[in-house]
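A short write-up of the structure that comes next.
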Amino acid sequence: MTGETFITEALANIPKDVNIKVDLSMRISDKIAAALNAQGLTQKDFAKMMGKNEAEVSRWLSGMHNFTLATIAKISAALEVSIIEV
């Protein structure tokens, strides 16, 4: 088995719900980053607004954070932008 074949098979075996979760996490992170950019805010500014440290905000923006609804609501309120829509 080649490395490429192994990777292709491994990716094919990832459960659908995991792929959806990763996609949603990335979209949320992208939306936050876009809002920060549009408002001219740095990660440091945003961390201060949220009462968090920069490392935590960096994890949020990495795309792999498991956001709670409470956190998403706080982010939406702080940035005055809808992060998700249902």
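Residues are named by chain letter and number: chains run A, B, ... in the order of the structure tokens, numbers start at 1 in each chain, and ligands are numbered from 1 in the order shown.
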Exercise. Where in chain A does DSSP assign alpha helix (DSSP H), given as a ChimeraX atom specification?
Worked result: /A:3-12,16-38,43-50,54-61,69-79
Exercise. Which neighbours of Ser29 in chain A fall inside 12 Å, counting only C-alpha atoms, when residues of the same chain fewer than 4 positions from it are skipped, and could you give them as a VMD selection string?
Worked result: chain A and resid 22 to 25 33 to 36 57 to 67 72 75 83 to 84
For this session: List the neighbours of Met49 in chain A out to 12 Å using only C-alpha atoms; skip same-chain residues closer than 3 positions along the sequence, and give me the result as a ChimeraX atom specification.
Result: /A:36,41-46,52-54,57,74-79
Write the residues of the selection above to a file with all heavy atoms, as a compact mmCIF listing (two decimals), in the first residue's frame.
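Output saved as selection.txt:
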```txt
# COMPACT_ATOMS: atom_id res chain seq x y z
N LEU A 36 -13.68 40.14 12.74
CA LEU A 36 -12.55 40.87 13.33
C LEU A 36 -11.89 41.76 12.29
O LEU A 36 -11.61 42.93 12.55
CB LEU A 36 -11.53 39.89 13.92
CG LEU A 36 -11.97 39.06 15.12
CD1 LEU A 36 -10.86 38.11 15.56
CD2 LEU A 36 -12.40 39.95 16.27
N LEU A 41 -10.23 44.74 14.24
CA LEU A 41 -9.84 44.26 15.57
C LEU A 41 -8.73 43.21 15.46
O LEU A 41 -8.76 42.37 14.56
CB LEU A 41 -11.04 43.62 16.29
CG LEU A 41 -12.20 44.54 16.62
CD1 LEU A 41 -13.41 43.72 17.10
CD2 LEU A 41 -11.80 45.56 17.68
N THR A 42 -7.81 43.25 16.39
CA THR A 42 -6.78 42.22 16.47
C THR A 42 -7.27 41.11 17.39
O THR A 42 -8.26 41.28 18.11
CB THR A 42 -5.47 42.79 17.04
OG1 THR A 42 -5.71 43.19 18.40
CG2 THR A 42 -4.95 43.97 16.22
N GLN A 43 -6.56 39.99 17.39
CA GLN A 43 -6.89 38.92 18.31
C GLN A 43 -6.77 39.42 19.76
O GLN A 43 -7.58 39.06 20.61
CB GLN A 43 -5.95 37.73 18.12
CG GLN A 43 -6.25 36.92 16.88
CD GLN A 43 -5.39 35.67 16.79
OE1 GLN A 43 -5.04 35.07 17.79
NE2 GLN A 43 -5.07 35.26 15.57
N LYS A 44 -5.79 40.27 19.99
CA LYS A 44 -5.59 40.83 21.32
C LYS A 44 -6.79 41.68 21.73
O LYS A 44 -7.29 41.57 22.85
CB LYS A 44 -4.31 41.65 21.36
CG LYS A 44 -3.96 42.19 22.73
CD LYS A 44 -2.62 42.91 22.70
CE LYS A 44 -2.23 43.37 24.09
NZ LYS A 44 -0.90 43.97 24.12
N ASP A 45 -7.27 42.55 20.82
CA ASP A 45 -8.45 43.37 21.09
C ASP A 45 -9.65 42.49 21.42
O ASP A 45 -10.39 42.74 22.37
CB ASP A 45 -8.82 44.23 19.87
CG ASP A 45 -7.77 45.23 19.46
OD1 ASP A 45 -7.00 45.69 20.34
OD2 ASP A 45 -7.70 45.56 18.25
N PHE A 46 -9.84 41.48 20.58
CA PHE A 46 -10.98 40.58 20.74
C PHE A 46 -10.90 39.81 22.06
O PHE A 46 -11.89 39.68 22.77
CB PHE A 46 -11.07 39.63 19.55
CG PHE A 46 -12.24 38.71 19.57
CD1 PHE A 46 -13.52 39.16 19.80
CD2 PHE A 46 -12.06 37.36 19.33
CE1 PHE A 46 -14.61 38.30 19.81
CE2 PHE A 46 -13.13 36.48 19.33
CZ PHE A 46 -14.40 36.96 19.57
N LYS A 52 -10.95 36.98 27.70
CA LYS A 52 -10.19 35.74 27.49
C LYS A 52 -8.73 36.10 27.23
O LYS A 52 -8.40 37.25 26.94
CB LYS A 52 -10.73 34.97 26.29
CG LYS A 52 -12.19 34.60 26.38
CD LYS A 52 -12.44 33.57 27.45
CE LYS A 52 -13.89 33.16 27.51
NZ LYS A 52 -14.15 32.19 28.56
N ASN A 53 -7.87 35.09 27.26
CA ASN A 53 -6.48 35.35 26.89
C ASN A 53 -6.30 35.10 25.40
O ASN A 53 -7.13 34.44 24.76
CB ASN A 53 -5.50 34.52 27.74
CG ASN A 53 -5.68 33.03 27.57
OD1 ASN A 53 -5.74 32.53 26.46
ND2 ASN A 53 -5.77 32.33 28.68
N GLU A 54 -5.25 35.65 24.86
CA GLU A 54 -5.01 35.54 23.42
C GLU A 54 -4.86 34.10 22.95
O GLU A 54 -5.26 33.77 21.83
CB GLU A 54 -3.77 36.34 23.03
CG GLU A 54 -3.96 37.83 23.08
CD GLU A 54 -2.72 38.58 22.67
OE1 GLU A 54 -2.35 38.52 21.48
OE2 GLU A 54 -2.10 39.21 23.55
N VAL A 57 -8.31 32.69 22.22
CA VAL A 57 -8.84 33.24 20.96
C VAL A 57 -8.10 32.62 19.77
O VAL A 57 -8.72 32.29 18.76
CB VAL A 57 -8.72 34.79 20.95
CG1 VAL A 57 -9.00 35.35 19.56
CG2 VAL A 57 -9.68 35.38 21.97
N LYS A 74 -22.03 34.62 23.01
CA LYS A 74 -21.20 35.70 23.55
C LYS A 74 -20.37 36.36 22.46
O LYS A 74 -20.23 37.59 22.43
CB LYS A 74 -20.28 35.16 24.66
CG LYS A 74 -21.02 34.83 25.93
CD LYS A 74 -20.10 34.24 26.98
CE LYS A 74 -20.89 33.83 28.20
NZ LYS A 74 -20.05 33.21 29.23
N ILE A 75 -19.82 35.56 21.56
CA ILE A 75 -19.02 36.10 20.45
C ILE A 75 -19.92 36.95 19.55
O ILE A 75 -19.55 38.06 19.16
CB ILE A 75 -18.35 34.97 19.66
CG1 ILE A 75 -17.28 34.28 20.52
CG2 ILE A 75 -17.75 35.48 18.36
CD1 ILE A 75 -16.74 32.98 19.93
N SER A 76 -21.10 36.43 19.23
CA SER A 76 -22.04 37.18 18.38
C SER A 76 -22.41 38.52 19.01
O SER A 76 -22.46 39.54 18.32
CB SER A 76 -23.32 36.36 18.15
OG SER A 76 -23.05 35.21 17.39
N ALA A 77 -22.65 38.52 20.31
CA ALA A 77 -23.01 39.75 21.01
C ALA A 77 -21.84 40.73 21.03
O ALA A 77 -22.03 41.93 20.77
CB ALA A 77 -23.45 39.44 22.43
N ALA A 78 -20.65 40.24 21.29
CA ALA A 78 -19.48 41.11 21.36
C ALA A 78 -19.15 41.74 20.02
O ALA A 78 -18.82 42.92 19.93
CB ALA A 78 -18.27 40.34 21.88
N LEU A 79 -19.30 40.95 18.95
CA LEU A 79 -18.95 41.45 17.61
C LEU A 79 -20.15 42.06 16.89
O LEU A 79 -20.02 42.63 15.82
CB LEU A 79 -18.36 40.31 16.76
CG LEU A 79 -17.03 39.76 17.25
CD1 LEU A 79 -16.60 38.57 16.38
CD2 LEU A 79 -15.95 40.84 17.26
```
Exercise. Any idea what the distance is between CA of Val86 in chain A and CA of Leu69 in chain A?
Worked result: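 Value for the CA of Val86 in chain A-CA of Leu69 in chain A distance: 12.1 Å.
For the atom pair formed by CA of Lys21 in chain A and CA of Gln39 in chain A, the distance is 27.2 Å, given to one decimal.
From CA of Thr8 in chain A back to CA of Asp30 in chain A, the distance works out to 26.2 Å.
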